[in-house]
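To keep things clear, I will list the structure first and then write my remarks on it.
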Amino acid sequence: MEGGMISVDRWGKGSQAYFLTHLHADHTRGLSSSWRRGPLYCSRVSAKLFPLKFPDFDLSSLRVLNIGSWHRLSLSSPSSGSPAEVDVMPIDALHCPGAVMFMFRGDFGHVLYTGDFRWETTGERSQKARTMLLDALNGANVDVLYLDNTYCNPAYCFPSREVAAQQVIEIIASHPEHDIIIGIDSLGKEDLLLRISHCLKTKIWVWPERLQIMHILGYPDVFTTRTSLTRVRAVPHYSFRTDTLEGLNTLRPTIGIMPSGLPWMVKPYEGKSKASETCLSVTSTSRRYNVPNGIRVDRNMRTVERVHQYIYSVPYSDHSCFPEIKDFVQLIRPSNVKGIVSMSPWYVDPLYYLSHLFRSNQRPQINSPNPESQGQAKRVQGQGKMKSKDFRGARQRAAEVNFFGVRIRRVTIMRRIHRGVKIVESHDPD
DNA sequence: GCGATCAGTT
DNA sequence: CACAACTGATCGC
């Protein structure tokens, strides 16, 4: 296999062109203000946000790529040094502001790198992205799909963000006398806040750095850093804790809302835990809301949970859930699929659940679906070529676990080490 | 001081 | 328990 020409969300030496899908920290690790490795391609929104994340970054290194347009890069083959043309098109990833997928086209065929993405089947923007993707392919086959496999497991199933936002709004509306605290990260979930603001006719407090981001993003003037103007506050996810909520409740009645694809962001309250058992009526999501064509109503569909006396967990996710990933892979029908989550010799590929959808007969990278032989393979490999630092933090138990009330075989057991890839010229899925 | 890596938190 | 995203401590230069 030849050395890489192109790196996506990886910032080591040896590539001719570097691509950034979005500005979350787990995709910019290794990037710094002292970047000297040449042009860095990203979306216009990411470019606008760049100075905030990397204050002294030399902005002349940035190359903005317009979403939906092909751009030609003149690179050279790492082996022969002969010229090699590569075309690239960014496509809306609907993950967070500025987030894009990259479609590459060249002598190697078509390679699609999703970055983190939410493949909703409803909504105007989603439809546009779908059309853009199909237009980009123009009937061609995707040779390698690098896939955001974060929730690539049938146990993960949640409603659209529109539905989840409505759930948040219902929670807030049913607590008219309460202050509301919502945990968010430095980028993402803006649409949720805008919907809340619009439906409940309220401003939303954010911390100063977040207000700066809102201004750069050009959002309407509904955000404020003045506490007195609103009862709804969005705070850094990291400072959203049970003791914070308990402390606030000694001053004023306050509830917290955690929008997340995962329901266990806070320790369960030692009493009632289901929202349906409280004053708030939140019943099965799949019964109450229409589900788009092709997405089967799943009994795993997550809904609102009251996870603590003062805290609600709402399935508002910026990553695709399993049925959406499946829809995406069925649409693309790629020859080969690789999870963006890093691999190790004993890594059990979550794409296990999708292998029947591949165009070729690529087998998922599973040592064996049998937990016992997985364990054996791990031990053998572990004594082999891996250095200890490469699997520090790895969790290696394979077991049958109770997952959202459904017994499934746990196959995703490696903690993610990094994201991002070096895209190479070979067709081979190694 | 800077970047990289690790440990720990929600 | 789980994950993504983030903070802060520590290490090496």
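Labels for the structure tokens follow display order: chains A, B, ..., residues from 1 in each chain, ligands from 1.
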
Write out as a Markdown table a residue-level contact list of chain B versus chain A with cut-off 10 Å: for each qualifying residue the closest pair of atoms and the distance in Å to one decimal, counting only C-alpha atoms (C1' of nucleotides), rows sorted by chain and residue number upward.
```
| residue | atom | partner | partner_atom | distance |
| --- | --- | --- | --- | --- |
| B:DC2 | C1' | A:Ser34 | CA | 9.8 |
| B:DG3 | C1' | A:Ser32 | CA | 8.2 |
| B:DA4 | C1' | A:Gly30 | CA | 7.8 |
| B:DC6 | C1' | A:Arg392 | CA | 9.3 |
| B:DA7 | C1' | A:Gly393 | CA | 9.7 |
| B:DT9 | C1' | A:Tyr238 | CA | 7.5 |
| B:DT10 | C1' | A:Met265 | CA | 5.7 |
```

Residues of chain A within 9 Å of chain C, using only C-alpha atoms (C1' of nucleotides), as a list in words?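 For chain A, the answer reads His24, Ala25, Asp26, Thr150, Tyr151, Asp185, Ser186, His237, Tyr238, Gly261, Leu262, Trp264 and Phe403 of chain A.
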
Pick out the residues sitting within 8 Å of Pro90 (chain A), and hand them over as a PDB file with all heavy atoms, in the first residue's frame; count only C-alpha atoms (C1' of nucleotides), and ignore anything fewer than 5 positions along from it in its own chain.
```pdb
ATOM      1  N   SER A  43     -15.052  23.562   5.228  1.00  0.00           N
ATOM      2  CA  SER A  43     -16.236  24.306   4.785  1.00  0.00           C
ATOM      3  C   SER A  43     -16.096  25.785   5.162  1.00  0.00           C
ATOM      4  O   SER A  43     -15.259  26.160   5.986  1.00  0.00           O
ATOM      5  CB  SER A  43     -17.491  23.729   5.430  1.00  0.00           C
ATOM      6  OG  SER A  43     -17.486  23.990   6.823  1.00  0.00           O
ATOM      7  N   LEU A  65     -13.956  25.174   0.766  1.00  0.00           N
ATOM      8  CA  LEU A  65     -14.606  24.408  -0.300  1.00  0.00           C
ATOM      9  C   LEU A  65     -16.115  24.612  -0.186  1.00  0.00           C
ATOM     10  O   LEU A  65     -16.694  24.460   0.887  1.00  0.00           O
ATOM     11  CB  LEU A  65     -14.287  22.919  -0.156  1.00  0.00           C
ATOM     12  CG  LEU A  65     -12.806  22.535  -0.231  1.00  0.00           C
ATOM     13  CD1 LEU A  65     -12.650  21.036   0.003  1.00  0.00           C
ATOM     14  CD2 LEU A  65     -12.197  22.939  -1.563  1.00  0.00           C
ATOM     15  N   ASN A  66     -16.736  24.976  -1.285  1.00  0.00           N
ATOM     16  CA  ASN A  66     -18.182  25.184  -1.266  1.00  0.00           C
ATOM     17  C   ASN A  66     -18.923  23.860  -1.274  1.00  0.00           C
ATOM     18  O   ASN A  66     -18.589  22.948  -2.038  1.00  0.00           O
ATOM     19  CB  ASN A  66     -18.613  26.023  -2.468  1.00  0.00           C
ATOM     20  CG  ASN A  66     -18.131  27.452  -2.345  1.00  0.00           C
ATOM     21  OD1 ASN A  66     -18.241  28.065  -1.281  1.00  0.00           O
ATOM     22  ND2 ASN A  66     -17.560  27.975  -3.415  1.00  0.00           N
ATOM     23  N   ILE A  67     -19.946  23.778  -0.437  1.00  0.00           N
ATOM     24  CA  ILE A  67     -20.756  22.566  -0.358  1.00  0.00           C
ATOM     25  C   ILE A  67     -21.483  22.348  -1.693  1.00  0.00           C
ATOM     26  O   ILE A  67     -22.037  23.282  -2.267  1.00  0.00           O
ATOM     27  CB  ILE A  67     -21.754  22.690   0.815  1.00  0.00           C
ATOM     28  CG1 ILE A  67     -20.975  22.599   2.141  1.00  0.00           C
ATOM     29  CG2 ILE A  67     -22.829  21.610   0.758  1.00  0.00           C
ATOM     30  CD1 ILE A  67     -21.790  22.893   3.366  1.00  0.00           C
ATOM     31  N   GLY A  68     -21.414  21.123  -2.180  1.00  0.00           N
ATOM     32  CA  GLY A  68     -22.123  20.774  -3.418  1.00  0.00           C
ATOM     33  C   GLY A  68     -21.345  21.047  -4.691  1.00  0.00           C
ATOM     34  O   GLY A  68     -21.860  20.805  -5.784  1.00  0.00           O
ATOM     35  N   SER A  69     -20.112  21.562  -4.559  1.00  0.00           N
ATOM     36  CA  SER A  69     -19.300  21.828  -5.763  1.00  0.00           C
ATOM     37  C   SER A  69     -18.079  20.914  -5.791  1.00  0.00           C
ATOM     38  O   SER A  69     -17.477  20.642  -4.754  1.00  0.00           O
ATOM     39  CB  SER A  69     -18.808  23.275  -5.781  1.00  0.00           C
ATOM     40  OG  SER A  69     -19.881  24.166  -5.741  1.00  0.00           O
ATOM     41  N   TRP A  70     -17.746  20.483  -6.995  1.00  0.00           N
ATOM     42  CA  TRP A  70     -16.495  19.740  -7.163  1.00  0.00           C
ATOM     43  C   TRP A  70     -15.340  20.726  -7.192  1.00  0.00           C
ATOM     44  O   TRP A  70     -15.452  21.797  -7.786  1.00  0.00           O
ATOM     45  CB  TRP A  70     -16.501  18.946  -8.470  1.00  0.00           C
ATOM     46  CG  TRP A  70     -17.334  17.709  -8.422  1.00  0.00           C
ATOM     47  CD1 TRP A  70     -18.523  17.508  -9.055  1.00  0.00           C
ATOM     48  CD2 TRP A  70     -17.041  16.498  -7.717  1.00  0.00           C
ATOM     49  NE1 TRP A  70     -19.001  16.242  -8.782  1.00  0.00           N
ATOM     50  CE2 TRP A  70     -18.110  15.605  -7.969  1.00  0.00           C
ATOM     51  CE3 TRP A  70     -15.986  16.072  -6.897  1.00  0.00           C
ATOM     52  CZ2 TRP A  70     -18.153  14.313  -7.434  1.00  0.00           C
ATOM     53  CZ3 TRP A  70     -16.040  14.793  -6.362  1.00  0.00           C
ATOM     54  CH2 TRP A  70     -17.106  13.927  -6.626  1.00  0.00           C
ATOM     55  N   VAL A 100     -19.133  18.704   7.356  1.00  0.00           N
ATOM     56  CA  VAL A 100     -19.341  18.169   6.006  1.00  0.00           C
ATOM     57  C   VAL A 100     -18.792  16.752   5.894  1.00  0.00           C
ATOM     58  O   VAL A 100     -17.942  16.339   6.671  1.00  0.00           O
ATOM     59  CB  VAL A 100     -18.637  19.033   4.928  1.00  0.00           C
ATOM     60  CG1 VAL A 100     -19.341  20.369   4.755  1.00  0.00           C
ATOM     61  CG2 VAL A 100     -17.155  19.232   5.237  1.00  0.00           C
ATOM     62  N   MET A 101     -19.327  16.020   4.902  1.00  0.00           N
ATOM     63  CA  MET A 101     -18.686  14.793   4.439  1.00  0.00           C
ATOM     64  C   MET A 101     -17.829  15.202   3.240  1.00  0.00           C
ATOM     65  O   MET A 101     -18.047  16.248   2.640  1.00  0.00           O
ATOM     66  CB  MET A 101     -19.690  13.766   3.951  1.00  0.00           C
ATOM     67  CG  MET A 101     -20.983  13.697   4.690  1.00  0.00           C
ATOM     68  SD  MET A 101     -21.962  12.280   4.066  1.00  0.00           S
ATOM     69  CE  MET A 101     -23.603  12.847   4.438  1.00  0.00           C
ATOM     70  N   PHE A 102     -16.869  14.354   2.876  1.00  0.00           N
ATOM     71  CA  PHE A 102     -16.088  14.614   1.674  1.00  0.00           C
ATOM     72  C   PHE A 102     -16.211  13.456   0.697  1.00  0.00           C
ATOM     73  O   PHE A 102     -15.965  12.304   1.073  1.00  0.00           O
ATOM     74  CB  PHE A 102     -14.609  14.829   2.010  1.00  0.00           C
ATOM     75  CG  PHE A 102     -14.333  16.128   2.710  1.00  0.00           C
ATOM     76  CD1 PHE A 102     -13.923  16.134   4.038  1.00  0.00           C
ATOM     77  CD2 PHE A 102     -14.475  17.347   2.060  1.00  0.00           C
ATOM     78  CE1 PHE A 102     -13.664  17.336   4.700  1.00  0.00           C
ATOM     79  CE2 PHE A 102     -14.216  18.550   2.703  1.00  0.00           C
ATOM     80  CZ  PHE A 102     -13.810  18.544   4.028  1.00  0.00           C
ATOM     81  N   MET A 103     -16.609  13.774  -0.511  1.00  0.00           N
ATOM     82  CA  MET A 103     -16.595  12.782  -1.594  1.00  0.00           C
ATOM     83  C   MET A 103     -15.340  13.026  -2.430  1.00  0.00           C
ATOM     84  O   MET A 103     -15.161  14.128  -2.961  1.00  0.00           O
ATOM     85  CB  MET A 103     -17.845  12.933  -2.467  1.00  0.00           C
ATOM     86  CG  MET A 103     -17.861  12.015  -3.681  1.00  0.00           C
ATOM     87  SD  MET A 103     -18.335  10.338  -3.277  1.00  0.00           S
ATOM     88  CE  MET A 103     -20.110  10.530  -3.182  1.00  0.00           C
TER      89      MET A 103
END
```

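Picture a line from CA of Arg44 (chain A) to CA of Ile213 (chain A); it runs 14.1 Å.
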
To one decimal in Å, tell me the separation between CA of Ala140 (chain A) and CA of Met89 (chain A).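 Interatomic distance here is 14.4 Å.
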
Could you give me, as a PyMOL selection string, each residue of region 2-65 of chain A that DSSP assigns to alpha helix (DSSP H) when run on this structure's backbone? chain A and resi 25-28+44-53

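For the atom pair formed by CA of Val222 (chain A) and CA of Thr202 (chain A), the distance is 7.5 Å, given to one decimal.
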
Surrounding residues of Ala99 (chain A) excluding itself and chain neighbours under 4 positions, 10 Å, only C-alpha atoms (C1' of nucleotides), as a ChimeraX atom specification: /A:20-24,42-46,90-95,114-117,188
